[in-house]
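Structure file data-v9.tsv; described as TSV, C-alpha atoms.
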chain	number	residue	atom	x	y	z
A	195	MET	CA	60.52	147.41	224.36
A	196	ILE	CA	64.11	146.30	223.99
A	197	ASN	CA	65.22	143.28	225.98
A	198	ASN	CA	68.13	144.27	228.21
A	199	ASP	CA	70.04	141.22	226.98
A	200	TYR	CA	70.42	142.88	223.58
A	201	LEU	CA	71.55	146.28	224.77
A	202	LEU	CA	75.21	147.18	224.72
A	203	ASP	CA	77.01	147.29	228.04
A	204	SER	CA	79.13	150.08	229.50
A	205	LYS	CA	82.42	148.50	228.46
A	206	GLN	CA	81.26	148.41	224.86
A	207	MET	CA	80.15	152.03	225.12
A	208	ALA	CA	83.53	152.98	226.59
A	209	ASP	CA	85.19	151.29	223.62
A	210	PHE	CA	82.93	153.30	221.33
A	211	VAL	CA	83.90	156.51	223.10
A	212	ALA	CA	87.61	155.72	222.74
A	213	ASP	CA	87.60	154.18	219.26
A	214	GLY	CA	84.53	155.64	217.56
A	215	PHE	CA	83.27	152.27	216.41
A	216	LEU	CA	82.12	148.81	217.44
A	217	ARG	CA	82.29	145.71	215.29
A	218	PHE	CA	79.99	142.69	215.37
A	219	ASP	CA	81.36	139.79	213.38
A	220	GLU	CA	79.03	137.48	211.45
A	221	LEU	CA	75.98	138.90	213.20
A	222	VAL	CA	73.58	138.48	210.27
A	223	PRO	CA	72.69	134.90	209.29
A	224	LYS	CA	73.75	133.43	205.95
A	225	GLU	CA	70.32	133.30	204.31
A	226	LEU	CA	69.69	136.95	205.05
A	227	ASN	CA	73.14	137.93	203.79
A	228	GLU	CA	72.45	136.20	200.49
A	229	THR	CA	69.06	137.89	200.14
A	230	ALA	CA	70.50	141.30	200.99
A	231	HIS	CA	73.42	140.78	198.64
A	232	LYS	CA	71.06	139.96	195.77
A	233	ALA	CA	68.98	143.03	196.56
A	234	MET	CA	72.11	145.20	196.44
A	235	GLU	CA	73.13	143.67	193.12
A	236	ASP	CA	69.65	144.28	191.74
A	237	ARG	CA	69.45	147.82	193.22
A	238	THR	CA	66.06	147.07	194.74
A	239	ILE	CA	66.66	148.62	198.17
A	240	GLN	CA	64.72	151.85	198.09
A	241	GLY	CA	65.60	154.56	200.56
A	242	GLY	CA	63.47	157.39	201.86
A	243	ARG	CA	63.49	161.06	202.63
A	244	ALA	CA	65.97	162.32	205.19
A	245	GLY	CA	64.31	163.02	208.51
A	246	LEU	CA	61.54	160.44	208.27
A	247	PRO	CA	61.04	158.03	211.17
A	248	PHE	CA	63.35	155.10	210.57
A	249	SER	CA	60.43	152.73	211.17
A	250	GLN	CA	58.78	154.05	207.99
A	251	ILE	CA	61.70	153.13	205.75
A	252	TRP	CA	61.56	149.83	203.86
A	253	THR	CA	58.72	147.34	203.65
A	254	GLN	CA	58.45	144.51	206.13
A	255	ASP	CA	59.75	141.99	203.59
A	256	SER	CA	62.79	144.10	202.67
A	257	PRO	CA	66.00	142.29	203.62
A	258	MET	CA	67.26	145.49	205.22
A	259	ARG	CA	64.15	145.75	207.36
A	260	ARG	CA	64.63	142.14	208.41
A	261	ILE	CA	68.27	142.81	209.33
A	262	PHE	CA	67.60	145.99	211.25
A	263	ASP	CA	64.66	144.37	213.04
A	264	MET	CA	66.96	141.67	214.42
A	265	PRO	CA	66.95	142.09	218.20
A	266	GLU	CA	70.74	142.25	218.27
A	267	VAL	CA	70.73	145.16	215.82
A	268	GLN	CA	67.79	146.83	217.55
A	269	GLY	CA	69.82	146.65	220.74
A	270	ILE	CA	72.72	148.47	219.11
A	271	VAL	CA	70.42	151.14	217.69
A	272	HIS	CA	68.68	151.70	221.00
A	273	SER	CA	71.93	151.83	222.96
A	274	MET	CA	73.34	154.49	220.67
A	275	VAL	CA	70.47	156.69	219.50
A	276	GLY	CA	67.52	155.47	221.56
A	277	PRO	CA	63.96	154.71	220.53
A	278	ASP	CA	62.34	156.06	217.37
A	279	PRO	CA	65.45	157.30	215.53
A	280	LEU	CA	65.22	159.20	212.29
A	281	TYR	CA	66.42	157.94	208.95
A	282	ASP	CA	69.18	160.14	207.56
A	283	HIS	CA	70.32	158.37	204.42
A	284	GLN	CA	71.53	155.08	203.08
A	285	ALA	CA	73.97	154.15	200.34
A	286	ILE	CA	75.09	151.01	198.62
A	287	HIS	CA	78.84	151.42	198.31
A	288	ILE	CA	80.25	149.56	195.36
A	289	VAL	CA	83.88	148.99	194.46
A	290	ASN	CA	84.27	147.40	191.07
A	291	ALA	CA	86.52	144.42	190.50
A	292	GLY	CA	90.09	145.34	189.64
A	293	ASN	CA	89.89	148.86	191.07
A	294	HIS	CA	93.44	149.60	192.24
A	295	SER	CA	92.84	153.06	193.68
A	296	GLY	CA	91.84	153.71	197.25
A	297	GLN	CA	89.21	156.35	197.89
A	298	ILE	CA	90.52	159.51	199.52
A	299	TRP	CA	90.16	159.79	203.28
A	300	HIS	CA	87.09	161.73	204.31
A	301	GLY	CA	84.55	162.29	207.01
A	302	ASP	CA	80.89	162.30	206.06
A	303	ALA	CA	78.78	165.45	205.95
A	304	ILE	CA	80.44	168.64	207.24
A	305	ILE	CA	82.01	170.01	210.42
A	306	ASP	CA	79.73	168.85	213.22
A	307	THR	CA	80.10	170.61	216.56
A	308	ARG	CA	77.46	168.62	218.42
A	309	MET	CA	78.08	166.40	221.40
A	310	HIS	CA	74.92	164.59	220.27
A	311	PHE	CA	75.86	162.06	217.65
A	312	ASP	CA	74.52	160.12	214.70
A	313	ILE	CA	75.51	156.56	213.97
A	314	GLN	CA	76.44	154.94	210.71
A	315	PHE	CA	76.10	151.24	210.09
A	316	PHE	CA	78.47	149.51	207.71
A	317	TYR	CA	77.01	146.14	206.72
A	318	PHE	CA	79.02	143.60	204.75
A	319	SER	CA	76.81	141.01	203.08
A	320	HIS	CA	79.68	138.92	201.73
A	321	ASP	CA	83.15	137.87	202.84
A	322	THR	CA	85.55	140.79	202.50
A	323	PRO	CA	89.21	139.71	202.50
A	324	ARG	CA	91.97	142.35	202.48
A	325	GLU	CA	92.50	142.06	198.73
A	326	MET	CA	88.87	143.12	198.33
A	327	GLY	CA	89.15	146.16	200.57
A	328	GLY	CA	87.07	146.71	202.55
A	329	THR	CA	86.24	150.06	204.05
A	330	MET	CA	89.21	151.51	205.92
A	331	ILE	CA	88.55	153.42	209.13
A	332	LEU	CA	90.84	155.40	211.39
A	333	PRO	CA	90.02	154.43	214.98
A	334	GLY	CA	89.82	157.41	217.28
A	335	SER	CA	89.29	160.03	214.57
A	336	HIS	CA	85.67	160.80	215.42
A	337	TYR	CA	86.22	163.95	217.50
A	338	ARG	CA	88.30	165.69	214.86
A	339	ARG	CA	86.59	168.75	213.46
A	340	ILE	CA	87.17	168.57	209.74
A	341	CYS	CA	85.03	169.19	206.69
A	342	GLU	CA	84.59	166.08	204.56
A	343	THR	CA	87.60	165.76	202.20
A	344	ASP	CA	89.80	168.31	203.97
A	345	ILE	CA	91.88	165.30	205.00
A	346	ALA	CA	92.47	164.02	201.47
A	347	ARG	CA	96.21	164.73	201.57
A	348	TYR	CA	96.71	161.93	204.07
A	349	GLN	CA	97.34	158.41	202.80
A	350	ASN	CA	98.43	156.20	205.68
A	351	PHE	CA	98.28	156.29	209.46
A	352	LEU	CA	99.65	154.06	212.17
A	353	GLY	CA	96.69	152.00	213.34
A	354	GLN	CA	94.47	152.43	210.28
A	355	LEU	CA	92.03	149.56	210.17
A	356	PRO	CA	90.55	147.91	207.07
A	357	ALA	CA	87.23	146.14	207.54
A	358	VAL	CA	88.44	142.65	206.70
A	359	CYS	CA	85.54	140.46	207.71
A	360	LYS	CA	83.21	137.59	207.07
A	361	ALA	CA	79.76	137.89	205.58
A	362	GLY	CA	77.18	139.23	207.99
A	363	THR	CA	79.54	141.56	209.82
A	364	ILE	CA	78.20	144.91	210.96
A	365	MET	CA	80.18	147.89	212.17
A	366	VAL	CA	78.57	150.85	213.85
A	367	VAL	CA	80.59	154.05	213.73
A	368	HIS	CA	80.30	157.55	215.15
A	369	HIS	CA	79.35	160.05	212.43
A	370	GLY	CA	82.74	161.73	212.69
A	371	MET	CA	84.78	158.65	211.80
A	372	TRP	CA	87.41	159.17	209.07
A	373	HIS	CA	87.17	156.45	206.45
A	374	CYS	CA	87.85	155.51	202.84
A	375	ALA	CA	87.02	152.67	200.50
A	376	GLN	CA	89.96	150.46	199.68
A	377	PRO	CA	91.06	148.98	196.35
A	378	ASN	CA	89.36	145.81	195.20
A	379	LEU	CA	92.00	143.59	193.61
A	380	THR	CA	89.66	140.62	193.14
A	381	ASP	CA	87.46	139.81	190.17
A	382	GLN	CA	84.28	140.24	192.24
A	383	THR	CA	82.34	143.44	192.82
A	384	ARG	CA	82.43	144.54	196.44
A	385	TYR	CA	79.32	145.83	198.22
A	386	MET	CA	78.88	147.58	201.54
A	387	PHE	CA	75.55	148.92	202.76
A	388	LYS	CA	75.70	152.11	204.79
A	389	LEU	CA	72.89	153.55	206.88
A	390	ARG	CA	72.90	156.74	208.96
A	391	LEU	CA	70.45	157.28	211.82
A	392	ASN	CA	69.76	160.36	213.97
A	393	PRO	CA	68.60	160.37	217.61
A	394	THR	CA	65.28	161.86	218.71
A	395	VAL	CA	66.02	161.67	222.43
A	396	ARG	CA	68.80	162.95	224.67
A	397	GLN	CA	71.53	160.29	224.42
A	398	VAL	CA	71.99	159.57	228.09
A	399	ARG	CA	72.24	156.07	229.62
A	400	LEU	CA	70.43	154.38	226.74
A	401	TRP	CA	72.44	151.17	227.05
A	402	ASN	CA	72.52	148.57	229.85
A	403	THR	CA	74.26	150.59	232.54
A	404	ASP	CA	74.47	147.85	235.16
A	405	ASP	CA	78.27	147.97	234.82
A	406	VAL	CA	78.66	151.74	234.47
A	407	ASP	CA	80.90	151.89	237.54
A	408	ASP	CA	83.04	148.96	236.48
A	409	PRO	CA	86.68	149.70	237.43
A	410	SER	CA	87.85	148.87	233.92
A	411	ILE	CA	85.99	151.81	232.35
A	412	PRO	CA	88.72	154.45	232.89
A	413	SER	CA	91.36	152.21	231.37
A	414	LEU	CA	89.14	151.48	228.37
A	415	LEU	CA	88.71	155.21	227.89
A	416	SER	CA	92.48	155.74	228.18
A	417	LYS	CA	93.38	153.71	225.12
A	418	ASN	CA	95.98	155.34	222.90
A	419	HIS	CA	95.91	155.41	219.12
A	420	LYS	CA	99.42	155.65	217.77
A	421	TRP	CA	98.57	158.16	215.06
A	422	TYR	CA	97.57	160.74	217.70
A	423	GLY	CA	101.18	161.48	218.57
A	424	ASN	CA	101.39	164.25	221.12
A	425	ASP	CA	97.64	164.99	220.90
A	426	VAL	CA	96.57	161.91	222.82
A	427	ARG	CA	95.97	163.92	226.00
A	428	LEU	CA	93.69	166.30	224.15
A	429	GLU	CA	91.73	163.27	222.97
A	430	PHE	CA	91.45	162.16	226.60
A	431	VAL	CA	89.66	165.43	227.29
A	432	ASN	CA	87.28	164.80	224.38
A	433	ARG	CA	86.50	161.33	225.77
A	434	ILE	CA	85.94	162.52	229.32
A	435	LYS	CA	83.52	165.18	228.10
A	436	PHE	CA	81.71	162.63	225.91
A	437	TRP	CA	81.45	160.08	228.74
A	438	ARG	CA	80.03	162.78	230.98
A	439	PHE	CA	77.49	163.59	228.26
A	440	LEU	CA	76.52	159.93	227.84
A	441	THR	CA	76.29	159.09	231.54
A	442	GLY	CA	75.06	162.41	232.93
A	443	ASN	CA	77.84	162.20	235.50
A	444	GLU	CA	79.45	165.65	235.39
A	445	GLN	CA	82.03	164.62	237.98
A	446	PHE	CA	83.49	161.79	235.93
A	447	ASP	CA	87.18	161.94	235.24
A	448	MET	CA	89.88	159.49	234.31
A	449	GLY	CA	93.17	160.16	235.90
A	450	TYR	CA	92.94	163.78	236.95
A	451	TRP	CA	92.81	165.44	233.52
A	452	LEU	CA	89.69	167.60	233.79
A	453	SER	CA	89.56	167.83	237.58
A	454	ARG	CA	92.86	169.67	237.56
A	455	LEU	CA	91.65	172.17	234.97
A	456	GLU	CA	88.37	172.68	236.77
A	457	ASN	CA	90.08	173.52	240.04
A	458	THR	CA	89.71	177.31	240.10
A	459	PRO	CA	89.07	178.13	243.76
A	460	ASP	CA	87.66	181.56	244.65
A	461	ASN	CA	87.64	181.36	248.43
A	462	ILE	CA	90.14	183.60	250.17
A	463	ALA	CA	92.68	181.93	252.40
A	464	VAL	CA	92.37	182.84	256.04
A	465	ALA	CA	95.46	184.78	257.14
B	92	MET	CA	119.04	165.27	177.78
B	93	SER	CA	117.90	164.29	181.23
B	94	GLN	CA	115.18	166.13	183.10
B	95	PHE	CA	114.23	166.08	186.75
B	96	ARG	CA	110.87	165.60	188.41
B	97	GLN	CA	109.86	166.27	191.98
B	98	LYS	CA	108.88	163.57	194.44
B	99	ILE	CA	107.05	164.69	197.56
B	100	LEU	CA	107.04	162.88	200.88
B	101	VAL	CA	104.80	164.14	203.66
B	102	LEU	CA	105.63	162.94	207.14
B	103	TYR	CA	103.51	163.58	210.22
B	104	LEU	CA	105.43	163.36	213.47
B	105	HIS	CA	104.67	162.55	217.08
B	106	THR	CA	106.11	165.91	218.17
B	107	PRO	CA	107.69	168.89	216.35
B	108	ASN	CA	111.12	167.34	216.96
B	109	LEU	CA	112.44	166.18	213.59
B	110	ASP	CA	113.81	163.06	215.21
B	111	SER	CA	110.46	162.00	216.69
B	112	HIS	CA	108.66	159.11	215.10
B	113	VAL	CA	106.33	159.17	212.12
B	114	VAL	CA	102.63	158.62	212.83
B	115	ALA	CA	101.25	159.17	209.32
B	116	TRP	CA	102.67	159.57	205.82
B	117	SER	CA	101.89	160.27	202.16
B	118	GLU	CA	103.87	160.10	198.95
B	119	TYR	CA	103.33	161.90	195.65
B	120	ASP	CA	105.64	160.89	192.81
B	121	GLY	CA	106.08	163.44	190.04
B	122	THR	CA	108.09	160.96	187.97
B	123	GLY	CA	104.97	158.89	187.49
B	124	LYS	CA	106.87	155.72	188.35
B	125	SER	CA	104.86	154.95	191.47
B	126	HIS	CA	101.24	155.58	192.41
B	127	ALA	CA	100.64	155.69	196.13
B	128	THR	CA	97.10	155.45	197.39
B	129	THR	CA	95.26	155.40	200.69
B	130	GLY	CA	95.90	152.46	202.94
B	131	ASP	CA	98.70	151.02	200.83
B	132	SER	CA	101.20	150.54	203.66
B	133	ASP	CA	101.08	149.87	207.37
B	134	GLN	CA	104.62	151.02	208.15
B	135	PRO	CA	106.10	154.43	207.30
B	136	PRO	CA	108.97	154.65	204.78
B	137	TYR	CA	111.16	156.30	207.44
B	138	ASN	CA	111.06	156.38	211.21
B	139	SER	CA	111.54	160.15	211.38
B	140	VAL	CA	112.16	163.23	209.26
B	141	LEU	CA	115.80	163.03	210.26
B	142	SER	CA	116.03	159.50	208.88
B	143	ALA	CA	114.56	160.70	205.59
B	144	MET	CA	117.05	163.58	205.45
B	145	LYS	CA	119.89	161.08	205.85
B	146	ASP	CA	118.53	159.32	202.77
B	147	GLY	CA	118.66	162.47	200.67
B	148	TRP	CA	115.21	163.98	201.19
B	149	ARG	CA	115.18	167.78	201.57
B	150	VAL	CA	112.76	169.40	203.96
B	151	VAL	CA	110.86	172.09	202.08
B	152	GLN	CA	108.20	173.03	204.64
B	153	PHE	CA	108.00	173.09	208.40
B	154	PRO	CA	104.71	173.27	210.28
B	155	GLN	CA	104.23	176.60	211.99
B	156	GLN	CA	103.13	176.56	215.59
B	157	PHE	CA	100.46	178.86	216.93
B	158	PRO	CA	98.91	179.10	220.37
B	159	ALA	CA	95.41	177.63	220.51
B	160	HIS	CA	92.58	180.00	219.68
B	161	PRO	CA	90.66	180.98	222.82
B	162	GLY	CA	87.88	178.47	223.34
B	163	MET	CA	89.51	175.88	221.08
B	164	GLU	CA	92.28	174.74	223.37
B	165	TYR	CA	91.06	171.14	223.56
B	166	GLN	CA	89.67	170.69	220.08
B	167	THR	CA	91.45	168.45	217.63
B	168	ALA	CA	91.35	168.42	213.85
B	169	TYR	CA	94.33	167.96	211.52
B	170	LEU	CA	97.66	166.38	212.27
B	171	ARG	CA	99.73	169.28	213.48
B	172	PHE	CA	103.33	168.26	212.88
B	173	GLU	CA	103.37	167.95	209.12
B	174	TYR	CA	106.72	168.07	207.32
B	175	ILE	CA	106.95	168.20	203.55
B	176	LEU	CA	110.08	166.79	201.94
B	177	GLU	CA	111.22	166.58	198.35
B	178	LYS	CA	113.65	164.67	196.24
B	179	MET	CA	114.44	165.52	192.62
B	180	GLU	CA	114.74	162.44	190.46
B	181	LYS	CA	116.15	162.18	186.99
B	182	ILE	CA	113.86	160.84	184.29
B	183	ASP	CA	114.70	159.70	180.79
B	184	ASP	CA	113.46	161.76	177.87
Starting from the file, give its structure as structure tokens.
Amino acid sequence: MINNDYLLDSKQMADFVADGFLRFDELVPKELNETAHKAMEDRTIQGGRAGLPFSQIWTQDSPMRRIFDMPEVQGIVHSMVGPDPLYDHQAIHIVNAGNHSGQIWHGDAIIDTRMHFDIQFFYFSHDTPREMGGTMILPGSHYRRICETDIARYQNFLGQLPAVCKAGTIMVVHHGMWHCAQPNLTDQTRYMFKLRLNPTVRQVRLWNTDDVDDPSIPSLLSKNHKWYGNDVRLEFVNRIKFWRFLTGNEQFDMGYWLSRLENTPDNIAVA
Amino acid sequence: MSQFRQKILVLYLHTPNLDSHVVAWSEYDGTGKSHATTGDSDQPPYNSVLSAMKDGWRVVQFPQQFPAHPGMEYQTAYLRFEYILEKMEKIDD
């Protein structure tokens, strides 16, 4: 049973709906970062078959098991995908020292039409200054229906966000997030551990919903991302629909965007 | 004898108006003198397509505009207002 204190709150979930990610700085303690970093260097972190229960991946003494058993991380997992998620895949992303080329922008997997969503963890075991990368994400790109490297022509966006962070930082991103590894101009190899999890339950009100009616929620959901240009209002619609899915509140709106479109009266006016 | 090579600049705009501001950009340099990559700048090289035109860039492709497919009116995918510009640059033999 997850302690409510470790669950995300509604404001964090609203940020996730608007941005497609949440970031937790220096969440993992130093000793565990060093152990995990060594394991990544030694390539000793064994994965498993896609679709297995996540609980069956890794031994109890694996540094990754110890990290993902931390109550803070369990709280994130539960809030997003609920109890008993499935393991999808993991990857140790390595950018060699002196690599001056950025990876092309891409989304993982293929076009995904679900409202249900997977999460991907990006875990940084060591300090990652800008000259080392890290992984670049494009906040707010998670609803875009593209197929993997279809977006490779793009190079730069207003608001693109490199994961410049301290050791122990974890980001959790929606599966649709556009991202790319960045050049590593240092003389140190850069590592990032990625893990994808799938839900096994309907993703409705899995977080601490005590503040679900907080008056700040609509404004959090109304955040603009400058690269949207004229499409920002279409993204509002995506967010409203996603918030309805997550909360089960089919009447939710921010502003009047969907209410206006749903107003299709059939009753005949009395003469 | 001098030869020319093509440089390509791709600008993505806020609206279809060529004077609206740039929200994303890419550069491909056929001269080989520069090598742009992802995430290498936080500010666009020009504020608009019109600004780039004033600096000698030629627009070689406009984005076409189509009505949304039925059922896909609210779906988003690629950046819609993509303008491709070129500049021919002399290289030494």
Ref. answer, residues at most 8 Å from (109.2, 165.1, 200.5) with all atoms listed in the file, as number ranges by chain: B: 98-102, 118, 148-151, 174-178
Residues near Ser117 (chain B), cut-off 10 Å, only C-alpha atoms, skip fewer than 6 positions along chain, as a PyMOL selection string: (chain A and resi 347-351) or (chain B and resi 99-103+127-132+135-136+175)
Test item: which residues lie within 9 Å of (76.3, 140.5, 197.1) counting only C-alpha atoms, as JSON, numbers by chain: {"A": [227, 228, 229, 230, 231, 232, 233, 234, 235, 318, 319, 320, 383, 384, 385, 386]}
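We find CA of His310 (chain A) and CA of Met195 (chain A) to be spaced 22.8 Å apart.
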Point-to-point distance in Å for CA of Gly276 (chain A) and CA of Gly442 (chain A): 15.3 Å
Selection: 10 Å around Met258 (chain A), all atoms listed in the file, excl. self and same-chain fewer than 3 positions, as a ChimeraX atom specification: /A:226-227,229-230,233,239-240,251-255,261-264,317,387,389
I need the chosen residues saved as a PDB file, keeping the file's coordinate frame, with C-alpha atoms.
ATOM      1  CA  LEU A 226      69.690 136.950 205.050  1.00  0.00           C
ATOM      2  CA  ASN A 227      73.140 137.930 203.790  1.00  0.00           C
ATOM      3  CA  THR A 229      69.060 137.890 200.140  1.00  0.00           C
ATOM      4  CA  ALA A 230      70.500 141.300 200.990  1.00  0.00           C
ATOM      5  CA  ALA A 233      68.980 143.030 196.560  1.00  0.00           C
ATOM      6  CA  ILE A 239      66.660 148.620 198.170  1.00  0.00           C
ATOM      7  CA  GLN A 240      64.720 151.850 198.090  1.00  0.00           C
ATOM      8  CA  ILE A 251      61.700 153.130 205.750  1.00  0.00           C
ATOM      9  CA  TRP A 252      61.560 149.830 203.860  1.00  0.00           C
ATOM     10  CA  THR A 253      58.720 147.340 203.650  1.00  0.00           C
ATOM     11  CA  GLN A 254      58.450 144.510 206.130  1.00  0.00           C
ATOM     12  CA  ASP A 255      59.750 141.990 203.590  1.00  0.00           C
ATOM     13  CA  ILE A 261      68.270 142.810 209.330  1.00  0.00           C
ATOM     14  CA  PHE A 262      67.600 145.990 211.250  1.00  0.00           C
ATOM     15  CA  ASP A 263      64.660 144.370 213.040  1.00  0.00           C
ATOM     16  CA  MET A 264      66.960 141.670 214.420  1.00  0.00           C
ATOM     17  CA  TYR A 317      77.010 146.140 206.720  1.00  0.00           C
ATOM     18  CA  PHE A 387      75.550 148.920 202.760  1.00  0.00           C
ATOM     19  CA  LEU A 389      72.890 153.550 206.880  1.00  0.00           C
TER      20      LEU A 389
END
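Residues surrounding region 337-343 of chain A within 9 Å are Gly214, Ile298, Trp299, His300, Gly301, Asp302, Ala303, Ile304, Ile305, Asp306, Thr307, Gly370, Met371, Trp372, Glu429, Asn432 and Arg433 of chain A; Gln166, Thr167, Ala168 and Tyr169 of chain B [only C-alpha atoms; sequence separation below 5 positions excluded].
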Using only C-alpha atoms: which of A:Glu325, A:Asp312, A:Glu266, A:Asp404 has the shortest distance to chain B: A:Glu325
Point-to-point distance in Å for CA of Ser335 (chain A) and CA of Asp213 (chain A): 7.7 Å
Neighbouring residues of Ile364 (chain A) were defined as those with any atom within 12 Å, considering all atoms listed in the file; residues of the same chain fewer than 2 positions away were excluded. Please report them as a PDB file with C-alpha atoms, keeping the file's coordinate frame.
ATOM      1  CA  PHE A 215      83.270 152.270 216.410  1.00  0.00           C
ATOM      2  CA  LEU A 216      82.120 148.810 217.440  1.00  0.00           C
ATOM      3  CA  ARG A 217      82.290 145.710 215.290  1.00  0.00           C
ATOM      4  CA  PHE A 218      79.990 142.690 215.370  1.00  0.00           C
ATOM      5  CA  ASP A 219      81.360 139.790 213.380  1.00  0.00           C
ATOM      6  CA  GLU A 220      79.030 137.480 211.450  1.00  0.00           C
ATOM      7  CA  LEU A 221      75.980 138.900 213.200  1.00  0.00           C
ATOM      8  CA  VAL A 222      73.580 138.480 210.270  1.00  0.00           C
ATOM      9  CA  PRO A 223      72.690 134.900 209.290  1.00  0.00           C
ATOM     10  CA  ASN A 227      73.140 137.930 203.790  1.00  0.00           C
ATOM     11  CA  ILE A 261      68.270 142.810 209.330  1.00  0.00           C
ATOM     12  CA  PHE A 262      67.600 145.990 211.250  1.00  0.00           C
ATOM     13  CA  GLU A 266      70.740 142.250 218.270  1.00  0.00           C
ATOM     14  CA  VAL A 267      70.730 145.160 215.820  1.00  0.00           C
ATOM     15  CA  ILE A 270      72.720 148.470 219.110  1.00  0.00           C
ATOM     16  CA  GLN A 314      76.440 154.940 210.710  1.00  0.00           C
ATOM     17  CA  PHE A 315      76.100 151.240 210.090  1.00  0.00           C
ATOM     18  CA  PHE A 316      78.470 149.510 207.710  1.00  0.00           C
ATOM     19  CA  TYR A 317      77.010 146.140 206.720  1.00  0.00           C
ATOM     20  CA  PHE A 318      79.020 143.600 204.750  1.00  0.00           C
ATOM     21  CA  SER A 319      76.810 141.010 203.080  1.00  0.00           C
ATOM     22  CA  HIS A 320      79.680 138.920 201.730  1.00  0.00           C
ATOM     23  CA  ASP A 321      83.150 137.870 202.840  1.00  0.00           C
ATOM     24  CA  THR A 322      85.550 140.790 202.500  1.00  0.00           C
ATOM     25  CA  THR A 329      86.240 150.060 204.050  1.00  0.00           C
ATOM     26  CA  ALA A 357      87.230 146.140 207.540  1.00  0.00           C
ATOM     27  CA  VAL A 358      88.440 142.650 206.700  1.00  0.00           C
ATOM     28  CA  CYS A 359      85.540 140.460 207.710  1.00  0.00           C
ATOM     29  CA  LYS A 360      83.210 137.590 207.070  1.00  0.00           C
ATOM     30  CA  ALA A 361      79.760 137.890 205.580  1.00  0.00           C
ATOM     31  CA  GLY A 362      77.180 139.230 207.990  1.00  0.00           C
ATOM     32  CA  VAL A 366      78.570 150.850 213.850  1.00  0.00           C
ATOM     33  CA  VAL A 367      80.590 154.050 213.730  1.00  0.00           C
ATOM     34  CA  MET A 386      78.880 147.580 201.540  1.00  0.00           C
ATOM     35  CA  PHE A 387      75.550 148.920 202.760  1.00  0.00           C
ATOM     36  CA  LYS A 388      75.700 152.110 204.790  1.00  0.00           C
ATOM     37  CA  LEU A 389      72.890 153.550 206.880  1.00  0.00           C
TER      38      LEU A 389
END
Give me the region 102-171 of chain B side of the contact with region 419-422 of chain A, cut-off 8 Å, one line per residue showing its nearest atom pair and distance in Å at one decimal, counting only C-alpha atoms, sorted by chain and residue number, as CSV.
residue,atom,partner,partner_atom,distance
B:His105,CA,A:Tyr422,CA,7.4
B:Val114,CA,A:Trp421,CA,4.7
B:Ala115,CA,A:Trp421,CA,6.4
B:Leu170,CA,A:Tyr422,CA,7.8
Among the residues A:Met326, A:Leu428, A:Ala212, A:Ile313, the one that comes closest to chain B [using all atoms listed in the file]: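 Among A:Met326, A:Leu428, A:Ala212, A:Ile313, it is A:Leu428 that comes nearest to chain B.
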Surrounding residues of Gln97 (chain B) excluding itself and chain neighbours under 4 positions, 7 Å, only C-alpha atoms, as a PyMOL selection string: chain B and resi 120-122+177-180
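For the residues A:Asp344, A:Asp407, A:Glu444, A:Asp282, ranking by smallest atom-to-atom distance to Gly241 (chain A) using all atoms listed in the file places A:Asp282 first.
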Nearest-residue call for chain B, choices A:Thr403, A:Thr238, A:Asn424, A:Ser256, using only C-alpha atoms: A:Asn424
